[in-house]
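Report on the structure given below.
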Amino acid sequence: MVILNRIYTRTGDDGTTALGSGERRPKYDLRVSAYGTVDETNAAIGVARLHLMQTQDLAHAPAIDAMLGRVQNDLFDLGADLAVPQREGKAERLRVLATQVERLEQDIDALNAHLAPLTSFILPGGTPAAAHLHLARTVCRRAERMVVELASQPDEPVSDAAIQYLNRLSDFLFVAGRSVNDNGARDVLWVP
């Protein structure tokens, strides 16, 4: 259990922040930006969930909401994973697991089974919930790009599962957006 009694510590007033390992980094550091963007993805999903629960005519809204709730918890795991770089000889901390990636794939398959095949690219829109899920998808893609860039840096280890999770999550958010658009019937098609 986490207990936060004091919200401000003033330790970041010098423009640095502490990783989960205790190491201090500049607030613009790529690792800090990566897990900050994961947090931003989580916030965007929270807004999408608010709109989803206001969708009275969508029978499978509770199931999608439950999936999104699991994703939000996974994103906290991912943030913790990224906040503590893997180091040889150090005790392992919370890490994203392959089973979390597999569960996302199962959720994608379950939602996608009810969707008509795409015949065009789609634009973010349709219902408010779908528009916000597409926004969350674009933020997720940005987080993925940052995490991949971080992993390419010397001495900045990132687990394969963390990268895979973000890649699958953006796919899940796309499919979930179509699903809440009346299984694609309210998708807004791109007109070139």
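Residues are named by chain letter and number: chains run A, B, ... in the order of the structure tokens, numbers start at 1 in each chain, and ligands are numbered from 1 in the order shown.
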
Spatial neighbours of Gln100 (chain A), max dist 9 Å, only C-alpha atoms, sep filter under 2 positions, as a count of residues only | 11

Enumerate the residues of region 2-179 of chain A with a DSSP assignment of alpha helix (DSSP H), computed from the backbone, and present them as a PyMOL selection string.
-> chain A and resi 30-53+61-83+98-112+128-151+160-179

So that each row is one residue of region 45-90 of chain A with an atom at most 8 Å from region 17-22 of chain A, can you give its shortest atom pair and the distance in Å to one decimal, using only C-alpha atoms, rows by chain and rising number, as CSV?
residue,atom,partner,partner_atom,distance
A:Ala80,CA,A:Gly20,CA,7.2
A:Ala83,CA,A:Leu19,CA,5.1
A:Val84,CA,A:Gly20,CA,4.9
A:Pro85,CA,A:Ser21,CA,7.7

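Here CA of Ala113 (chain A) is placed at a distance of 17.9 Å from CA of Leu68 (chain A).
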
Could you check which of A:Ser159, A:Gln164, A:Thr37, A:Thr11 is closest to Arg95 (chain A), using only C-alpha atoms?
-> A:Ser159

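Distances here use only C-alpha atoms; by that measure, the residue among A:Ala176, A:Ala136, A:Leu52, A:Ala129 closest to His114 (chain A) is A:Ala176.
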
Listing only residues of region 28-146 of chain A within 9 Å of region 155-158 of chain A, what is the closest atom pair and its distance in Å (to one decimal) for each, using only C-alpha atoms, sorted by chain and residue number ascending, as a tab-separated table?
residue	atom	partner	partner_atom	distance
A:Arg31	CA	A:Glu156	CA	8.1
A:Asp81	CA	A:Val158	CA	8.3
A:Leu82	CA	A:Val158	CA	7.0
A:Pro85	CA	A:Pro157	CA	6.0
A:Gln86	CA	A:Pro157	CA	5.8
A:Arg87	CA	A:Pro157	CA	7.7

For each of A:Pro62, A:Gly125, A:Asp182, A:Leu30, take the minimum atom-to-atom distance to Gln153 (chain A), counting only C-alpha atoms, then give the residue where this is smallest.
-> A:Leu30

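Among the candidate residues A:Leu166, A:Ala116, A:Leu78, A:Ile7, the one lying nearest to Ala185 (chain A) is A:Ala116, with distances computed using only C-alpha atoms.
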
Which of region 7-69 of chain A DSSP labels strand (DSSP E or B), written as a list in words | Thr16, Thr17, Ala18, Arg24, Arg25 and Pro26 of chain A

Write a file of the selected residues as a compact mmCIF listing (two decimals), in the first residue's frame, keeping N, CA and C atoms.
# COMPACT_ATOMS: atom_id res chain seq x y z
N THR A 16 15.08 18.90 -10.80
CA THR A 16 15.36 17.48 -10.88
C THR A 16 14.24 16.69 -10.22
N THR A 17 14.21 15.41 -10.49
CA THR A 17 13.25 14.51 -9.87
C THR A 17 13.96 13.20 -9.55
N ALA A 18 13.43 12.46 -8.63
CA ALA A 18 14.04 11.18 -8.25
C ALA A 18 13.40 10.04 -9.00
N ARG A 24 18.75 10.96 -8.93
CA ARG A 24 18.10 12.20 -9.36
C ARG A 24 18.46 12.48 -10.81
N ARG A 25 17.44 12.90 -11.58
CA ARG A 25 17.61 13.23 -12.99
C ARG A 25 16.93 14.55 -13.27
N PRO A 26 17.37 15.27 -14.33
CA PRO A 26 16.66 16.48 -14.72
C PRO A 26 15.23 16.13 -15.13

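Taking CA of Gly12 (chain A) and CA of Asp29 (chain A) as the two end points, the separation is 13.3 Å.
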